[in-house]
$ cat work.pdb   # PDB, C-alpha atoms
ATOM      1  CA  MET Y 178      -4.571 202.478 -44.618  1.00  0.00           C
ATOM      2  CA  LYS Y 179      -4.924 203.932 -48.005  1.00  0.00           C
ATOM      3  CA  SER Y 180      -7.459 206.642 -48.774  1.00  0.00           C
ATOM      4  CA  ARG Y 181      -9.351 204.160 -50.947  1.00  0.00           C
ATOM      5  CA  ASP Y 182      -9.819 201.856 -47.932  1.00  0.00           C
ATOM      6  CA  VAL Y 183     -11.198 204.708 -45.825  1.00  0.00           C
ATOM      7  CA  GLY Y 184     -13.690 205.554 -48.569  1.00  0.00           C
ATOM      8  CA  ILE Y 185     -14.875 201.946 -48.869  1.00  0.00           C
ATOM      9  CA  ILE Y 186     -15.287 201.673 -45.090  1.00  0.00           C
ATOM     10  CA  GLY Y 187     -17.243 204.958 -45.032  1.00  0.00           C
ATOM     11  CA  ILE Y 188     -19.578 203.768 -47.805  1.00  0.00           C
ATOM     12  CA  ALA Y 189     -20.090 200.460 -45.981  1.00  0.00           C
ATOM     13  CA  ILE Y 190     -20.992 202.317 -42.766  1.00  0.00           C
ATOM     14  CA  ILE Y 191     -23.475 204.576 -44.583  1.00  0.00           C
ATOM     15  CA  LEU Y 192     -25.112 201.573 -46.293  1.00  0.00           C
ATOM     16  CA  ALA Y 193     -25.326 199.709 -42.960  1.00  0.00           C
ATOM     17  CA  ILE Y 194     -27.026 202.711 -41.330  1.00  0.00           C
ATOM     18  CA  ILE Y 195     -29.561 203.048 -44.140  1.00  0.00           C
ATOM     19  CA  PHE Y 196     -30.251 199.299 -44.134  1.00  0.00           C
ATOM     20  CA  SER Y 197     -30.712 199.176 -40.326  1.00  0.00           C
ATOM     21  CA  VAL Y 198     -33.098 202.165 -40.353  1.00  0.00           C
ATOM     22  CA  ILE Y 199     -35.260 200.567 -43.060  1.00  0.00           C
ATOM     23  CA  ILE Y 200     -35.361 197.201 -41.267  1.00  0.00           C
ATOM     24  CA  SER Y 201     -36.115 198.812 -37.894  1.00  0.00           C
ATOM     25  CA  LYS Y 202     -39.121 200.629 -39.390  1.00  0.00           C
ATOM     26  CA  PHE Y 203     -40.660 197.253 -40.238  1.00  0.00           C
ATOM     27  CA  VAL Y 204     -39.746 195.538 -36.978  1.00  0.00           C
ATOM     28  CA  PHE Y 205     -40.376 198.150 -34.284  1.00  0.00           C
ATOM     29  CA  VAL Y 206     -43.264 200.221 -35.650  1.00  0.00           C
ATOM     30  CA  ALA Y 207     -46.755 199.030 -34.688  1.00  0.00           C
ATOM     31  CA  HIS Y 208     -48.798 198.271 -37.775  1.00  0.00           C
ATOM     32  CA  SER Y 209     -52.180 198.523 -36.073  1.00  0.00           C
ATOM     33  CA  SER Y 210     -53.212 201.802 -34.515  1.00  0.00           C
ATOM     34  CA  GLY Y 211     -56.377 200.332 -32.982  1.00  0.00           C
ATOM     35  CA  GLN Y 212     -54.721 198.561 -30.090  1.00  0.00           C
ATOM     36  CA  LYS Y 213     -56.732 198.016 -26.909  1.00  0.00           C
ATOM     37  CA  VAL Y 214     -55.266 198.791 -23.506  1.00  0.00           C
ATOM     38  CA  GLU Y 215     -56.425 197.875 -20.032  1.00  0.00           C
ATOM     39  CA  VAL Y 216     -58.049 200.743 -18.132  1.00  0.00           C
ATOM     40  CA  VAL Y 217     -56.824 201.132 -14.573  1.00  0.00           C
ATOM     41  CA  PRO Y 218     -59.448 202.207 -12.009  1.00  0.00           C
ATOM     42  CA  LEU Y 219     -58.917 205.463 -10.145  1.00  0.00           C
ATOM     43  CA  ILE Y 220     -57.168 205.324  -6.783  1.00  0.00           C
ATOM     44  CA  SER Y 221     -59.289 206.632  -3.944  1.00  0.00           C
ATOM     45  CA  SER Y 222     -58.114 208.093  -0.654  1.00  0.00           C
ATOM     46  CA  ASN Y 223     -61.006 206.417   1.183  1.00  0.00           C
ATOM     47  CA  PHE Y 224     -60.038 203.137   2.823  1.00  0.00           C
ATOM     48  CA  SER Y 225     -62.230 200.645   4.580  1.00  0.00           C
ATOM     49  CA  LYS Y 226     -61.702 200.003   8.288  1.00  0.00           C
ATOM     50  CA  PRO Y 227     -59.063 197.289   8.926  1.00  0.00           C
ATOM     51  CA  ASP Y 228     -60.087 193.898  10.245  1.00  0.00           C
ATOM     52  CA  SER Y 229     -60.729 194.073  13.986  1.00  0.00           C
ATOM     53  CA  ARG Y 230     -59.336 190.551  14.483  1.00  0.00           C
ATOM     54  CA  TYR Y 231     -55.840 191.906  13.846  1.00  0.00           C
ATOM     55  CA  PHE Y 232     -56.067 195.623  14.625  1.00  0.00           C
ATOM     56  CA  ASN Y 233     -57.575 196.151  18.067  1.00  0.00           C
ATOM     57  CA  ALA Y 234     -56.634 197.456  21.516  1.00  0.00           C
ATOM     58  CA  ASN Y 235     -55.713 193.952  22.792  1.00  0.00           C
ATOM     59  CA  SER Y 236     -53.224 193.197  20.010  1.00  0.00           C
ATOM     60  CA  ILE Y 237     -49.538 192.675  20.707  1.00  0.00           C
ATOM     61  CA  ASP Y 238     -47.471 195.760  19.899  1.00  0.00           C
ATOM     62  CA  LEU Y 239     -44.456 194.387  18.029  1.00  0.00           C
ATOM     63  CA  THR Y 240     -42.677 197.748  18.071  1.00  0.00           C
ATOM     64  CA  GLN Y 241     -42.099 197.660  21.853  1.00  0.00           C
ATOM     65  CA  PHE Y 242     -38.560 197.071  23.141  1.00  0.00           C
ATOM     66  CA  ILE Y 243     -38.178 193.613  24.651  1.00  0.00           C
ATOM     67  CA  SER Y 244     -35.529 193.029  27.300  1.00  0.00           C
ATOM     68  CA  ILE Y 245     -34.795 189.524  28.523  1.00  0.00           C
ATOM     69  CA  GLY Y 246     -33.135 189.442  31.927  1.00  0.00           C
ATOM     70  CA  ASN Y 247     -30.977 192.070  33.619  1.00  0.00           C
ATOM     71  CA  ASN Y 248     -28.091 193.159  31.403  1.00  0.00           C
ATOM     72  CA  SER Y 249     -25.903 195.608  33.261  1.00  0.00           C
ATOM     73  CA  ASN Y 250     -22.859 195.051  31.024  1.00  0.00           C
ATOM     74  CA  SER Y 251     -22.247 198.300  29.136  1.00  0.00           C
ATOM     75  CA  ASN Y 252     -19.658 196.722  26.809  1.00  0.00           C
ATOM     76  CA  PRO Y 253     -20.875 193.190  25.962  1.00  0.00           C
ATOM     77  CA  PHE Y 254     -18.250 192.472  23.303  1.00  0.00           C
ATOM     78  CA  GLN Y 255     -15.187 193.091  25.464  1.00  0.00           C
ATOM     79  CA  GLN Y 256     -13.557 190.017  26.963  1.00  0.00           C
ATOM     80  CA  THR Y 257     -13.691 190.068  30.742  1.00  0.00           C
ATOM     81  CA  SER Y 258     -11.257 187.241  31.377  1.00  0.00           C
ATOM     82  CA  SER Y 259      -8.229 186.405  29.254  1.00  0.00           C
ATOM     83  CA  THR Y 260      -7.691 182.625  29.262  1.00  0.00           C
ATOM     84  CA  ASN Y 261      -5.844 182.639  25.962  1.00  0.00           C
ATOM     85  CA  PRO Y 262      -2.007 182.546  26.122  1.00  0.00           C
TER      86      PRO Y 262
END
$ encode --input "work.pdb" --output "structure tokens"
Amino acid sequence: MKSRDVGIIGIAIILAIIFSVIISKFVFVAHSSGQKVEVVPLISSNFSKPDSRYFNANSIDLTQFISIGNNSNSNPFQQTSSTNP
């Protein structure tokens, strides 16, 4: 590259930066400062009592361990009989 080419590329970059800053001011800056926003109500630490149809002493406790049958095998994934050749 010649030094003249580097100068032209530098000028083109500077002009592109100036042009993009001017255009972005029109596109991204809000023109109206009186915008309305939705107000979110405050979060309270007071909760109402849960529904007694679902949360009561007779409900099923899904966190209990369920065991079906007697499983005395301590290594269930090991083959006990080898029928393959």
$ axis_aligned_box --input "work.pdb" --around "region 234-253 of chain Y" --padding-each-side "8 Å" --output "AutoDock Vina command-line options"
--center_x -38.1 --center_y 193.9 --center_z 25.8 --size_x 53.0 --size_y 24.9 --size_z 31.6
$ atom_distance --input "work.pdb" --atom1 "CA of Phe205 (chain Y)" --atom2 "CA of Ile190 (chain Y)"
21.6 Å
$ atom_distance --input "work.pdb" --atom1 "CA of Phe242 (chain Y)" --atom2 "CA of Arg230 (chain Y)"
23.4 Å
$ atom_distance --input "work.pdb" --atom1 "CA of Ser236 (chain Y)" --atom2 "CA of Asn223 (chain Y)"
24.3 Å
$ build_atoms --input "work.pdb" --residues "region 234-259 of chain Y" --atoms "N, CA and C atoms" --output "PDB file, in the coordinates of the input"
ATOM      1  N   ALA Y 234     -57.360 196.969  20.337  1.00  0.00           N
ATOM      2  CA  ALA Y 234     -56.634 197.456  21.516  1.00  0.00           C
ATOM      3  C   ALA Y 234     -55.915 196.336  22.259  1.00  0.00           C
ATOM      4  N   ASN Y 235     -56.326 195.076  22.078  1.00  0.00           N
ATOM      5  CA  ASN Y 235     -55.713 193.952  22.792  1.00  0.00           C
ATOM      6  C   ASN Y 235     -54.598 193.284  21.998  1.00  0.00           C
ATOM      7  N   SER Y 236     -54.265 193.796  20.842  1.00  0.00           N
ATOM      8  CA  SER Y 236     -53.224 193.197  20.010  1.00  0.00           C
ATOM      9  C   SER Y 236     -51.845 193.415  20.615  1.00  0.00           C
ATOM     10  N   ILE Y 237     -50.917 192.557  20.240  1.00  0.00           N
ATOM     11  CA  ILE Y 237     -49.538 192.675  20.707  1.00  0.00           C
ATOM     12  C   ILE Y 237     -48.859 193.767  19.890  1.00  0.00           C
ATOM     13  N   ASP Y 238     -48.194 194.682  20.574  1.00  0.00           N
ATOM     14  CA  ASP Y 238     -47.471 195.760  19.899  1.00  0.00           C
ATOM     15  C   ASP Y 238     -46.048 195.279  19.628  1.00  0.00           C
ATOM     16  N   LEU Y 239     -45.750 194.943  18.386  1.00  0.00           N
ATOM     17  CA  LEU Y 239     -44.456 194.387  18.029  1.00  0.00           C
ATOM     18  C   LEU Y 239     -43.353 195.438  17.980  1.00  0.00           C
ATOM     19  N   THR Y 240     -43.693 196.700  18.117  1.00  0.00           N
ATOM     20  CA  THR Y 240     -42.677 197.748  18.071  1.00  0.00           C
ATOM     21  C   THR Y 240     -42.104 198.067  19.446  1.00  0.00           C
ATOM     22  N   GLN Y 241     -42.592 197.415  20.497  1.00  0.00           N
ATOM     23  CA  GLN Y 241     -42.099 197.660  21.853  1.00  0.00           C
ATOM     24  C   GLN Y 241     -40.750 196.984  22.047  1.00  0.00           C
ATOM     25  N   PHE Y 242     -39.869 197.624  22.826  1.00  0.00           N
ATOM     26  CA  PHE Y 242     -38.560 197.071  23.141  1.00  0.00           C
ATOM     27  C   PHE Y 242     -38.727 195.908  24.108  1.00  0.00           C
ATOM     28  N   ILE Y 243     -38.090 194.802  23.812  1.00  0.00           N
ATOM     29  CA  ILE Y 243     -38.178 193.613  24.651  1.00  0.00           C
ATOM     30  C   ILE Y 243     -36.813 193.365  25.268  1.00  0.00           C
ATOM     31  N   SER Y 244     -36.761 193.287  26.588  1.00  0.00           N
ATOM     32  CA  SER Y 244     -35.529 193.029  27.300  1.00  0.00           C
ATOM     33  C   SER Y 244     -35.681 191.732  28.062  1.00  0.00           C
ATOM     34  N   ILE Y 245     -34.741 190.821  27.848  1.00  0.00           N
ATOM     35  CA  ILE Y 245     -34.795 189.524  28.523  1.00  0.00           C
ATOM     36  C   ILE Y 245     -33.702 189.513  29.579  1.00  0.00           C
ATOM     37  N   GLY Y 246     -34.080 189.479  30.830  1.00  0.00           N
ATOM     38  CA  GLY Y 246     -33.135 189.442  31.927  1.00  0.00           C
ATOM     39  C   GLY Y 246     -32.541 190.806  32.227  1.00  0.00           C
ATOM     40  N   ASN Y 247     -31.624 190.831  33.216  1.00  0.00           N
ATOM     41  CA  ASN Y 247     -30.977 192.070  33.619  1.00  0.00           C
ATOM     42  C   ASN Y 247     -29.593 192.109  32.975  1.00  0.00           C
ATOM     43  N   ASN Y 248     -29.376 193.042  32.078  1.00  0.00           N
ATOM     44  CA  ASN Y 248     -28.091 193.159  31.403  1.00  0.00           C
ATOM     45  C   ASN Y 248     -27.452 194.475  31.808  1.00  0.00           C
ATOM     46  N   SER Y 249     -26.552 194.401  32.785  1.00  0.00           N
ATOM     47  CA  SER Y 249     -25.903 195.608  33.261  1.00  0.00           C
ATOM     48  C   SER Y 249     -24.536 195.815  32.606  1.00  0.00           C
ATOM     49  N   ASN Y 250     -24.145 194.942  31.694  1.00  0.00           N
ATOM     50  CA  ASN Y 250     -22.859 195.051  31.024  1.00  0.00           C
ATOM     51  C   ASN Y 250     -22.956 196.133  29.949  1.00  0.00           C
ATOM     52  N   SER Y 251     -22.173 197.208  30.098  1.00  0.00           N
ATOM     53  CA  SER Y 251     -22.247 198.300  29.136  1.00  0.00           C
ATOM     54  C   SER Y 251     -21.411 198.022  27.895  1.00  0.00           C
ATOM     55  N   ASN Y 252     -20.488 197.069  27.953  1.00  0.00           N
ATOM     56  CA  ASN Y 252     -19.658 196.722  26.809  1.00  0.00           C
ATOM     57  C   ASN Y 252     -19.690 195.200  26.643  1.00  0.00           C
ATOM     58  N   PRO Y 253     -20.701 194.643  25.991  1.00  0.00           N
ATOM     59  CA  PRO Y 253     -20.875 193.190  25.962  1.00  0.00           C
ATOM     60  C   PRO Y 253     -19.861 192.463  25.088  1.00  0.00           C
ATOM     61  N   PHE Y 254     -19.160 193.159  24.212  1.00  0.00           N
ATOM     62  CA  PHE Y 254     -18.250 192.472  23.303  1.00  0.00           C
ATOM     63  C   PHE Y 254     -16.802 192.501  23.761  1.00  0.00           C
ATOM     64  N   GLN Y 255     -16.537 193.062  24.906  1.00  0.00           N
ATOM     65  CA  GLN Y 255     -15.187 193.091  25.464  1.00  0.00           C
ATOM     66  C   GLN Y 255     -14.997 191.850  26.317  1.00  0.00           C
ATOM     67  N   GLN Y 256     -13.826 191.205  26.172  1.00  0.00           N
ATOM     68  CA  GLN Y 256     -13.557 190.017  26.963  1.00  0.00           C
ATOM     69  C   GLN Y 256     -13.266 190.420  28.389  1.00  0.00           C
ATOM     70  N   THR Y 257     -13.919 189.754  29.339  1.00  0.00           N
ATOM     71  CA  THR Y 257     -13.691 190.068  30.742  1.00  0.00           C
ATOM     72  C   THR Y 257     -12.560 189.252  31.341  1.00  0.00           C
ATOM     73  N   SER Y 258     -12.364 188.045  30.868  1.00  0.00           N
ATOM     74  CA  SER Y 258     -11.257 187.241  31.377  1.00  0.00           C
ATOM     75  C   SER Y 258     -10.433 186.772  30.198  1.00  0.00           C
ATOM     76  N   SER Y 259      -9.118 186.812  30.342  1.00  0.00           N
ATOM     77  CA  SER Y 259      -8.229 186.405  29.254  1.00  0.00           C
ATOM     78  C   SER Y 259      -7.640 185.048  29.597  1.00  0.00           C
TER      79      SER Y 259
END
